[in-house]
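Asker: One file: query38.cif (mmCIF, C-alpha atoms).
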```cif
data_query
loop_
_atom_site.label_atom_id
_atom_site.label_comp_id
_atom_site.auth_asym_id
_atom_site.auth_seq_id
_atom_site.Cartn_x
_atom_site.Cartn_y
_atom_site.Cartn_z
CA SER I 8 -5.52 9.46 50.86
CA TYR I 9 -4.02 9.78 54.32
CA GLY I 10 -6.81 7.91 56.10
CA ASN I 11 -7.76 8.86 59.64
CA VAL I 12 -5.68 11.55 61.30
CA THR I 13 -5.54 11.46 65.11
CA VAL I 14 -4.65 14.58 67.10
CA ALA I 15 -4.31 14.56 70.89
CA ALA I 16 -7.11 16.62 72.48
CA ILE I 17 -6.24 19.90 74.20
CA THR I 18 -7.53 19.66 77.76
CA ASN I 19 -7.29 21.63 80.99
CA VAL I 20 -5.92 24.71 79.29
CA SER I 21 -7.21 27.89 80.97
CA GLY I 22 -9.19 30.14 78.65
CA VAL I 23 -9.20 27.78 75.66
CA ALA I 24 -12.61 26.77 74.39
CA ASN I 25 -14.59 25.83 71.27
CA ILE I 26 -11.78 23.65 69.85
CA VAL I 27 -12.51 22.33 66.33
CA TYR I 28 -10.20 20.01 64.36
CA THR I 29 -10.53 19.85 60.54
CA ALA I 30 -8.38 17.22 58.78
CA ASP I 31 -7.80 17.16 55.03
CA THR I 32 -7.16 13.50 54.18
CA ASN I 33 -5.79 14.45 50.75
CA THR I 34 -3.01 16.69 52.05
CA GLY I 35 -2.52 15.46 55.62
CA ILE I 36 -3.00 18.98 57.02
CA VAL I 37 -5.02 19.59 60.17
CA ALA I 38 -6.56 23.01 60.88
CA ILE I 39 -7.14 23.65 64.61
CA THR I 40 -9.61 26.43 65.40
CA ALA I 41 -10.22 27.59 69.02
CA SER I 42 -11.23 30.50 71.19
CA VAL I 43 -8.78 31.93 73.72
CA GLY I 44 -10.37 34.27 76.17
CA SER I 45 -12.24 36.96 74.28
CA VAL I 46 -10.39 36.25 71.00
CA LYS I 47 -12.46 34.02 68.78
CA ASN I 48 -11.63 31.55 65.96
CA ILE I 49 -7.85 31.45 66.17
CA THR I 50 -6.66 28.96 63.50
CA GLN I 51 -3.37 27.07 63.55
CA ILE I 52 -2.28 24.90 60.63
CA THR I 53 -0.43 21.75 61.66
CA LYS I 54 1.29 19.15 59.46
CA VAL I 55 0.87 15.58 60.62
CA THR I 56 2.35 12.21 59.68
CA PRO I 57 -0.22 10.26 57.66
CA SER I 58 -1.57 7.11 59.26
CA VAL I 59 -1.72 5.42 55.83
CA LEU I 60 1.56 5.77 53.88
CA GLU I 61 1.56 7.03 50.33
CA SER I 62 3.70 5.28 47.73
CA LEU I 63 5.43 5.75 44.41
CA ILE I 64 4.64 2.66 42.33
CA ILE I 65 7.15 1.70 39.63
CA THR I 66 6.29 -0.68 36.79
CA ASN I 67 7.78 -1.94 33.53
CA GLY I 68 6.94 0.03 30.43
CA ASP I 69 8.27 -2.58 27.99
CA ALA I 70 8.08 -5.84 29.91
CA THR I 71 7.07 -7.91 26.88
CA SER I 72 9.71 -6.59 24.48
CA PRO I 73 11.96 -9.27 22.94
CA THR I 74 15.73 -9.24 23.15
CA GLN I 75 17.22 -6.35 21.18
CA TYR I 76 20.34 -7.22 19.17
CA ARG I 77 22.48 -4.10 18.85
CA THR I 78 25.50 -3.32 16.70
CA THR I 79 28.49 -1.36 17.92
CA SER I 80 28.42 2.42 17.53
CA GLN I 81 24.60 2.68 17.55
CA LYS I 82 23.40 5.92 19.15
CA ASP I 83 20.43 7.02 21.26
CA LEU I 84 19.12 3.52 21.91
CA SER I 85 16.07 2.84 24.07
CA LEU I 86 17.34 0.55 26.86
CA GLY I 87 14.32 0.46 29.15
CA ILE I 88 10.99 2.15 29.85
CA PHE I 89 9.92 2.72 33.45
CA LYS I 90 6.58 4.02 34.70
CA LEU I 91 6.30 5.98 37.97
CA THR I 92 2.84 6.41 39.51
CA ALA I 93 2.13 8.73 42.47
CA ASN I 94 -0.30 6.84 44.71
CA GLY I 95 -1.55 9.34 47.29
CA GLY I 96 -2.83 12.78 48.01
CA GLU I 97 0.10 14.92 46.93
CA ASP I 98 2.57 15.39 44.11
CA MET I 99 5.82 13.47 44.53
CA ILE I 100 9.32 14.80 43.89
CA VAL I 101 11.89 12.27 42.64
CA THR I 102 15.42 13.40 43.50
CA ARG I 103 17.54 10.32 42.78
CA ILE I 104 17.41 7.19 40.57
CA VAL I 105 20.02 4.42 40.35
CA ILE I 106 20.03 2.17 37.27
CA THR I 107 21.77 -1.22 37.44
CA ASP I 108 23.18 -2.94 34.35
CA MET I 109 22.98 -6.71 34.92
CA MET I 110 25.53 -8.24 32.52
CA PHE I 111 25.43 -11.73 31.04
CA GLY I 112 27.39 -13.74 28.47
CA ASN I 113 30.83 -12.30 27.76
CA THR I 114 31.00 -9.94 30.76
CA GLY I 115 34.74 -9.21 30.94
CA GLY I 116 35.07 -5.45 30.53
CA ALA I 117 31.42 -5.21 29.45
CA ALA I 118 30.67 -2.33 31.84
CA GLY I 119 32.12 -0.02 29.18
CA SER I 120 29.78 -1.20 26.44
CA PHE I 121 27.11 1.47 26.97
CA THR I 122 27.83 5.17 27.49
CA ASN I 123 26.03 8.54 27.64
CA LEU I 124 23.07 7.22 29.61
CA LYS I 125 20.17 9.58 30.23
CA LEU I 126 16.58 9.49 31.47
CA VAL I 127 13.98 11.16 29.27
CA LYS I 128 10.32 11.96 29.97
CA ALA I 129 7.56 11.09 27.51
CA ASN I 130 7.59 14.72 26.30
CA GLY I 131 11.31 14.47 25.47
CA THR I 132 12.60 16.42 28.49
CA GLN I 133 15.81 15.05 29.95
CA VAL I 134 15.74 14.28 33.67
CA GLY I 135 18.93 15.00 35.61
CA GLN I 136 22.39 14.84 34.07
CA ILE I 137 23.95 12.48 31.54
CA THR I 138 25.91 9.58 33.04
CA TYR I 139 28.83 9.27 30.66
CA ASN I 140 30.27 6.04 32.07
CA MET I 141 28.87 3.37 34.35
CA ASP I 142 30.58 2.41 37.62
CA LEU I 143 31.52 -1.25 38.06
CA LYS I 144 29.77 -2.72 41.11
CA SER I 145 30.72 -6.39 40.66
CA ALA I 146 31.89 -8.74 37.90
CA SER I 147 28.36 -8.84 36.50
CA GLU I 148 26.89 -5.48 37.59
CA ALA I 149 27.48 -1.83 36.80
CA ILE I 150 25.50 1.20 37.99
CA ALA I 151 24.54 4.62 36.68
CA THR I 152 23.47 7.12 39.36
CA PHE I 153 21.25 10.04 38.44
CA ASN I 154 21.68 12.34 41.43
CA PRO I 155 20.61 15.02 41.98
CA ILE I 156 17.43 15.20 39.91
CA SER I 157 15.71 18.57 40.13
CA ASN I 158 13.01 18.44 37.45
CA LEU I 159 10.98 15.26 38.05
CA ILE I 160 7.63 15.74 39.80
CA VAL I 161 4.98 13.03 39.49
CA ALA I 162 1.54 14.59 39.92
CA LYS I 163 -0.71 12.93 42.50
CA ASN I 164 -2.51 9.87 41.15
CA GLN I 165 -0.78 10.33 37.79
CA THR I 166 1.95 8.38 35.94
CA GLU I 167 5.22 9.68 34.52
CA THR I 168 6.99 7.51 31.93
CA LEU I 169 10.79 7.57 31.79
CA THR I 170 12.90 6.07 28.99
CA LEU I 171 16.51 5.15 29.63
CA LYS I 172 18.56 6.00 26.55
CA GLY I 173 22.21 5.45 25.77
CA ASP I 174 24.87 4.90 23.13
CA LEU I 175 26.55 1.60 22.34
CA ASN I 176 30.29 2.13 22.32
CA SER I 177 32.50 1.39 19.35
CA TYR I 178 34.47 -1.84 19.15
CA PRO I 179 36.52 -2.95 21.11
CA ASN I 180 35.15 -0.81 23.97
CA ALA I 181 31.80 -2.49 23.42
CA VAL I 182 32.27 -6.14 24.38
CA LEU I 183 30.93 -8.50 21.72
CA GLY I 184 28.66 -11.27 22.95
CA SER I 185 27.75 -9.41 26.13
CA TYR I 186 24.11 -9.03 27.15
CA HIS I 187 22.75 -6.22 29.31
CA LEU I 188 19.56 -5.88 31.36
CA PHE I 189 19.00 -2.36 32.71
CA LYS I 190 17.01 -2.38 35.95
CA ILE I 191 15.72 -0.35 38.85
CA ASN I 192 16.93 -3.11 41.10
CA SER I 193 15.64 -2.07 44.53
CA VAL I 194 13.10 0.25 46.15
CA ASN I 195 16.11 1.92 47.75
CA ASP I 196 17.35 2.96 44.30
CA ILE I 197 14.79 5.79 44.11
CA THR I 198 14.55 8.73 46.54
CA VAL I 199 11.14 10.45 46.71
CA ILE I 200 9.58 13.09 48.95
CA GLY I 201 6.07 14.50 49.11
CA ASP I 202 5.64 17.94 47.60
CA THR I 203 3.20 19.09 50.31
CA LEU I 204 4.43 17.45 53.51
CA ASN I 205 8.10 17.21 52.50
CA LEU I 206 8.21 13.69 53.98
CA PRO I 207 9.87 10.58 52.48
CA ILE I 208 7.64 8.50 50.21
CA THR I 209 7.71 4.70 50.11
CA VAL I 210 8.64 3.12 46.76
CA THR I 211 7.06 -0.17 45.65
CA GLY I 212 7.34 -2.39 42.58
CA ALA I 213 11.09 -3.01 42.26
CA PRO I 214 12.86 -4.76 40.70
CA ILE I 215 11.79 -3.80 37.17
CA SER I 216 13.82 -3.97 33.98
CA GLY I 217 13.93 -3.08 30.32
CA SER I 218 14.45 -5.53 27.48
CA LEU I 219 17.66 -7.55 27.18
CA GLN I 220 20.32 -5.92 24.96
CA GLY I 221 22.76 -8.09 22.98
CA VAL I 222 26.00 -6.59 21.63
CA TYR I 223 27.48 -7.56 18.24
CA LYS I 224 29.46 -5.98 15.41
CA SER I 225 26.80 -6.82 12.86
CA VAL I 226 23.26 -8.21 12.78
CA LEU I 227 21.96 -10.29 9.88
CA SER I 228 18.35 -10.43 8.74
CA VAL I 229 17.08 -12.85 6.09
CA TYR I 230 13.74 -12.77 4.34
CA ALA I 231 12.13 -14.40 1.31
CA GLN I 232 12.32 -12.34 -1.84
CA SER I 233 10.42 -14.39 -4.43
CA ALA I 234 8.97 -17.87 -4.84
CA GLY I 235 10.65 -18.56 -8.17
CA ASN I 236 9.41 -19.53 -11.63
CA THR I 237 7.01 -22.29 -12.62
CA ILE I 238 8.73 -23.16 -15.86
CA LEU I 239 10.38 -26.34 -17.09
CA SER I 240 14.05 -25.54 -17.36
CA ILE I 241 17.38 -27.20 -16.72
CA ASN I 242 18.43 -24.14 -14.70
CA ASN I 243 15.29 -22.70 -13.15
CA SER I 244 15.14 -20.22 -10.27
CA ILE I 245 12.91 -21.78 -7.60
CA ALA I 246 13.41 -19.18 -4.82
CA SER I 247 15.43 -16.15 -3.75
CA PHE I 248 16.31 -14.67 -0.37
CA SER I 249 17.60 -11.27 0.75
CA PHE I 250 20.50 -11.21 3.24
CA THR I 251 20.96 -7.82 4.97
CA ASN I 252 23.79 -6.67 7.26
CA ASN I 253 22.38 -4.09 9.69
CA SER I 254 25.76 -3.05 11.15
CA LYS I 255 26.03 0.58 12.26
CA GLY I 256 29.77 0.37 12.82
CA ASN I 257 30.92 -0.27 9.24
CA TYR I 258 31.65 -3.96 9.88
CA PRO I 259 31.08 -6.62 7.20
CA ILE I 260 29.52 -9.95 8.05
CA THR I 261 30.81 -13.26 6.67
CA ILE I 262 28.42 -16.03 5.60
CA SER I 263 30.22 -19.38 5.65
CA GLY I 264 27.32 -21.81 5.38
CA ILE I 265 23.62 -22.11 4.53
CA GLN I 266 21.33 -24.99 5.44
CA LEU I 267 18.81 -25.23 2.63
CA GLY I 268 15.50 -27.03 2.98
CA LEU I 269 13.72 -28.57 -0.02
CA ASP I 270 10.22 -30.05 0.20
CA ILE I 271 9.32 -31.62 -3.13
CA TRP I 272 6.24 -33.62 -4.05
CA PHE I 273 7.52 -35.46 -7.11
CA THR I 274 4.91 -37.06 -9.38
CA GLY I 275 7.40 -38.32 -11.97
CA ILE I 276 7.52 -42.01 -12.78
CA GLN I 277 11.21 -42.59 -12.00
CA ALA I 278 13.59 -41.35 -9.35
CA SER I 279 15.64 -38.35 -10.35
CA SER I 280 19.06 -36.87 -9.60
CA LYS I 281 19.41 -33.10 -9.71
CA TYR I 282 21.79 -30.30 -8.78
CA ILE I 283 20.90 -27.41 -6.49
CA THR I 284 22.82 -24.18 -7.09
CA LEU I 285 23.22 -21.04 -4.96
CA ARG I 286 24.11 -17.81 -6.75
CA LYS I 287 24.84 -14.21 -5.77
CA GLY I 288 22.07 -12.50 -7.69
CA TRP I 289 20.18 -13.81 -10.70
CA ASP I 290 23.24 -14.23 -12.91
CA GLY I 291 26.07 -13.66 -10.44
CA PRO I 292 28.85 -16.00 -9.37
CA ILE I 293 27.99 -19.45 -8.03
CA ILE I 294 28.35 -19.82 -4.27
CA ALA I 295 27.78 -23.59 -4.11
CA LYS I 296 26.43 -26.48 -6.15
CA LYS I 297 25.40 -29.90 -4.84
CA LYS I 298 23.81 -33.05 -6.24
CA PHE I 299 20.67 -34.46 -4.59
CA ASN I 300 18.29 -37.33 -5.29
CA ILE I 301 14.52 -37.43 -5.19
CA SER I 302 12.05 -40.28 -5.55
CA LYS I 303 8.39 -40.45 -6.38
CA GLY I 304 6.19 -39.02 -3.63
CA THR I 305 7.17 -36.71 -0.78
CA ASN I 306 10.81 -35.64 -0.45
CA SER I 307 11.92 -33.53 2.54
CA LEU I 308 15.59 -32.70 2.21
CA VAL I 309 17.99 -30.46 4.13
CA ILE I 310 21.29 -29.74 2.41
CA THR I 311 23.91 -28.98 5.05
CA ASP I 312 27.06 -30.36 3.44
CA TRP I 313 28.14 -28.28 0.46
CA GLN I 314 31.54 -29.97 0.17
CA ALA I 315 32.10 -30.96 -3.46
CA ASN I 316 32.52 -34.65 -4.22
CA ALA I 317 35.90 -35.17 -5.85
CA GLY I 318 34.32 -37.61 -8.28
CA ASP I 319 31.69 -35.16 -9.51
CA PRO I 320 33.08 -32.26 -11.56
CA ASN I 321 29.70 -30.47 -11.50
CA GLU I 322 29.64 -29.92 -7.75
CA MET I 323 31.16 -26.80 -6.15
CA THR I 324 32.16 -26.39 -2.51
CA PHE I 325 30.46 -23.54 -0.63
CA THR I 326 32.44 -20.31 -1.01
CA PRO I 327 32.10 -17.97 2.01
CA PHE I 328 31.08 -14.42 1.13
CA ASP I 329 30.91 -11.05 2.88
CA ILE I 330 28.06 -8.56 3.09
CA ASN I 331 29.15 -5.01 3.80
CA ALA I 332 27.61 -2.88 6.55
CA ASN I 333 24.14 -1.56 5.75
CA ASP I 334 24.10 -3.56 2.54
CA SER I 335 22.02 -6.44 1.16
CA MET I 336 22.66 -9.38 -1.12
CA SER I 337 20.14 -11.49 -3.02
CA ILE I 338 20.80 -15.25 -2.98
CA TYR I 339 19.04 -17.20 -5.76
CA VAL I 340 18.34 -20.94 -5.70
CA PHE I 341 18.39 -22.82 -9.03
CA THR I 342 17.65 -26.43 -9.98
CA ASP I 343 16.60 -28.60 -12.91
CA THR I 344 12.78 -28.65 -13.29
CA THR I 345 12.51 -30.28 -16.72
CA ASP I 346 10.87 -33.44 -15.34
CA MET I 347 8.55 -31.65 -12.89
CA VAL I 348 5.09 -32.61 -14.13
CA SER I 349 1.75 -31.09 -13.17
CA GLY I 350 1.04 -31.32 -9.45
CA SER I 351 4.70 -31.32 -8.37
CA PRO I 352 5.21 -28.41 -5.90
CA ILE I 353 8.58 -27.30 -4.53
CA ILE I 354 8.94 -25.39 -1.25
CA THR I 355 12.36 -23.88 -0.47
CA SER I 356 13.50 -22.60 2.93
CA ILE I 357 16.57 -21.38 4.81
CA LYS I 358 16.94 -23.66 7.84
CA ASP I 359 20.06 -22.04 9.29
CA VAL I 360 22.94 -19.72 8.44
CA THR I 361 26.55 -19.98 9.62
CA LEU I 362 28.08 -16.54 10.07
CA SER I 363 31.08 -14.90 11.68
CA ALA I 364 31.25 -15.05 15.47
CA ASP I 365 30.97 -11.27 15.84
CA GLY I 366 27.57 -11.28 14.10
CA PHE I 367 24.09 -12.46 15.02
CA MET I 368 21.06 -13.50 12.98
CA THR I 369 17.78 -11.98 14.12
CA SER I 370 15.37 -13.56 11.64
CA PRO I 371 13.27 -16.43 13.01
CA LEU I 372 14.13 -19.77 11.45
CA PRO I 373 13.22 -21.33 9.14
CA VAL I 374 12.81 -18.56 6.58
CA ASN I 375 10.27 -19.97 4.16
CA GLY I 376 10.71 -18.93 0.55
CA GLY I 377 7.19 -19.75 -0.47
CA GLY I 378 6.37 -22.49 -2.92
CA ILE I 379 5.91 -23.07 -6.62
CA SER I 380 3.72 -25.68 -8.29
CA PHE I 381 3.97 -26.98 -11.82
#
```
Just dump the structure as structure tokens.
Answerer:
Amino acid sequence: SYGNVTVAAITNVSGVANIVYTADTNTGIVAITASVGSVKNITQITKVTPSVLESLIITNGDATSPTQYRTTSQKDLSLGIFKLTANGGEDMIVTRIVITDMMFGNTGGAAGSFTNLKLVKANGTQVGQITYNMDLKSASEAIATFNPISNLIVAKNQTETLTLKGDLNSYPNAVLGSYHLFKINSVNDITVIGDTLNLPITVTGAPISGSLQGVYKSVLSVYAQSAGNTILSINNSIASFSFTNNSKGNYPITISGIQLGLDIWFTGIQASSKYITLRKGWDGPIIAKKKFNISKGTNSLVITDWQANAGDPNEMTFTPFDINANDSMSIYVFTDTTDMVSGSPIITSIKDVTLSADGFMTSPLPVNGGGISF
């Protein structure tokens, strides 16, 4: 609404009488009706400046989204969702939007990480032109300017949702270890006019931003696959985990270490020494093998050092392995369960994974493999 509209009274004008002012507080238009001499009800339509300013309110559409870990060469990514609400008595025409990429981490040359940026309405219609490359503003900022925009009208008292989409460049144009936050950084980064009065509209709500985007060659996810077998065996599978490389750029990921957690409630009479073995698949090659000791009662162990003891021919040092892009590998955990008596549960977990520097693990730690009880 435009609130009260004040118009200076017409006075001391010869022959003018019966003046009536009618103000529409939704449109800001005043109709002036008067009589001049013998001519009755002459109406003049006058546009006035509203006494209460309208505004375009911008808000986050994905403010609670977690950090998104992206792999090089991914296409048509959602980089931010912005909501535009027309607060007032007329439709609002948006003619210009500037998006700022706030860069963190490894920022050298990172302005070239994202390309082909575009703004898309909720119905899939593209707004304005594609910005193929961002312009460097400072060492940690780059901008994409969508100007002119000719097809974005926010209906009065309605909300239009825009999604910023873009492609992650291929390596090395995409800078690994860089993080990007796409923002409408200032109220001056949007130009808006009223559709009825053709006057500038105030913008409120900035700054707003999408979710943080991390750039890597490959992204690893780990999840529990099975809890193992409750049998008494010298070489029993007690858990298995799936390791998946989600790379979109055909890059392998190297696993060079696994921290394995073992929680064992041992009800045996005497302390016991056992070996823990990691295998690729159920009957695949051994990745590592390490001796550990348990005593009666609760045992909470974390195996971090897989270096073989020179005096123990049964141990095997951890052998790094690769997982190809868009591929998975099952890692099985074996140990001796021959002396596990009734009421002796084992819980296995992945506490941490050491991987190549150009990759990132997205799974929350620890990854619990469930438990088995004898």
Asker: Given the file shown, determine the residues that the PyMOL selection byres ((chain I and resi 127-142) around 10) selects; report them as a PyMOL selection string.
Answerer: chain I and resi 88-90+101-104+106-108+118-126+143-145+148-159+167-174
Asker: Take the selection from the previous step and output its residues with C-alpha atoms, as a compact mmCIF listing (two decimals), keeping the file's coordinate frame.
Answerer:
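Result file part.txt:
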```
# COMPACT_ATOMS: atom_id res chain seq x y z
CA ILE I 88 10.99 2.15 29.85
CA PHE I 89 9.92 2.72 33.45
CA LYS I 90 6.58 4.02 34.70
CA VAL I 101 11.89 12.27 42.64
CA THR I 102 15.42 13.40 43.50
CA ARG I 103 17.54 10.32 42.78
CA ILE I 104 17.41 7.19 40.57
CA ILE I 106 20.03 2.17 37.27
CA THR I 107 21.77 -1.22 37.44
CA ASP I 108 23.18 -2.94 34.35
CA ALA I 118 30.67 -2.33 31.84
CA GLY I 119 32.12 -0.02 29.18
CA SER I 120 29.78 -1.20 26.44
CA PHE I 121 27.11 1.47 26.97
CA THR I 122 27.83 5.17 27.49
CA ASN I 123 26.03 8.54 27.64
CA LEU I 124 23.07 7.22 29.61
CA LYS I 125 20.17 9.58 30.23
CA LEU I 126 16.58 9.49 31.47
CA LEU I 143 31.52 -1.25 38.06
CA LYS I 144 29.77 -2.72 41.11
CA SER I 145 30.72 -6.39 40.66
CA GLU I 148 26.89 -5.48 37.59
CA ALA I 149 27.48 -1.83 36.80
CA ILE I 150 25.50 1.20 37.99
CA ALA I 151 24.54 4.62 36.68
CA THR I 152 23.47 7.12 39.36
CA PHE I 153 21.25 10.04 38.44
CA ASN I 154 21.68 12.34 41.43
CA PRO I 155 20.61 15.02 41.98
CA ILE I 156 17.43 15.20 39.91
CA SER I 157 15.71 18.57 40.13
CA ASN I 158 13.01 18.44 37.45
CA LEU I 159 10.98 15.26 38.05
CA GLU I 167 5.22 9.68 34.52
CA THR I 168 6.99 7.51 31.93
CA LEU I 169 10.79 7.57 31.79
CA THR I 170 12.90 6.07 28.99
CA LEU I 171 16.51 5.15 29.63
CA LYS I 172 18.56 6.00 26.55
CA GLY I 173 22.21 5.45 25.77
CA ASP I 174 24.87 4.90 23.13
```
Asker: Suppose a student applies the PyMOL selection byres ((chain I and resi 364) around 10) to this structure; what residues should they get, written as a PyMOL selection string?
Answerer: chain I and resi 183-184+223-225+260-261+361-363+365-367
Asker: Store the residues of this selection in a file with C-alpha atoms, as a PDB file, keeping the file's coordinate frame.
Answerer:
```pdb
ATOM      1  CA  LEU I 183      30.930  -8.500  21.720  1.00  0.00           C
ATOM      2  CA  GLY I 184      28.660 -11.270  22.950  1.00  0.00           C
ATOM      3  CA  TYR I 223      27.480  -7.560  18.240  1.00  0.00           C
ATOM      4  CA  LYS I 224      29.460  -5.980  15.410  1.00  0.00           C
ATOM      5  CA  SER I 225      26.800  -6.820  12.860  1.00  0.00           C
ATOM      6  CA  ILE I 260      29.520  -9.950   8.050  1.00  0.00           C
ATOM      7  CA  THR I 261      30.810 -13.260   6.670  1.00  0.00           C
ATOM      8  CA  THR I 361      26.550 -19.980   9.620  1.00  0.00           C
ATOM      9  CA  LEU I 362      28.080 -16.540  10.070  1.00  0.00           C
ATOM     10  CA  SER I 363      31.080 -14.900  11.680  1.00  0.00           C
ATOM     11  CA  ASP I 365      30.970 -11.270  15.840  1.00  0.00           C
ATOM     12  CA  GLY I 366      27.570 -11.280  14.100  1.00  0.00           C
ATOM     13  CA  PHE I 367      24.090 -12.460  15.020  1.00  0.00           C
TER      14      PHE I 367
END
```
Asker: One number please: CA of Lys298 in chain I to CA of Tyr339 in chain I, in Å, one decimal.
Answerer: 16.6 Å
Asker: Leaving out Ile293 in chain I and any residue of its chain fewer than 2 positions from it, which residues lie within 12 Å of it when counting only C-alpha atoms, given as an MDAnalysis selection string?
Answerer: chainID I and resid 283:291 295:297 321:328 338:341
Asker: Given all atoms listed in the file as the basis, pick out the residue of I:Phe381, I:Tyr186, I:Tyr230, I:Phe250 nearest to Arg77 in chain I.
Answerer: I:Tyr186
Asker: Could you list, as a PyMOL selection string, every residue within 10 Å of Asn253 in chain I, counting all atoms listed in the file and ignoring same-chain residues fewer than 3 positions away?
Answerer: chain I and resi 77-78+224-228+250+256-260+330-335+366
Asker: Grab the CA of Ile160 in chain I to CA of Ser218 in chain I distance for me, in Å with one decimal place.
Answerer: 25.5 Å
Asker: Check the smallest atom-to-atom distance from each of I:Ile357, I:Val161, I:Ile271, I:Ala146 to Asp202 in chain I using only C-alpha atoms, then report the winner.
Answerer: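 Closest candidate: I:Val161.
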Asker: Smallest atom-to-atom distance to Asn195 in chain I: which of I:Ala317, I:Ile265, I:Val105, I:Leu219, using all atoms listed in the file?
Answerer: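 Selected residue with least distance to Asn195 in chain I: I:Val105.
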Asker: Please, what distance in Å, to one decimal, runs between CA of Asn113 in chain I and CA of Val229 in chain I?
Answerer: 25.7 Å
Asker: Given all atoms listed in the file as the basis, pick out the residue of I:Thr237, I:Ser247, I:Asn192, I:Asn180 nearest to Ser351 in chain I.
Answerer: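 Comparing I:Thr237, I:Ser247, I:Asn192, I:Asn180 against Ser351 in chain I, the winner is I:Thr237.
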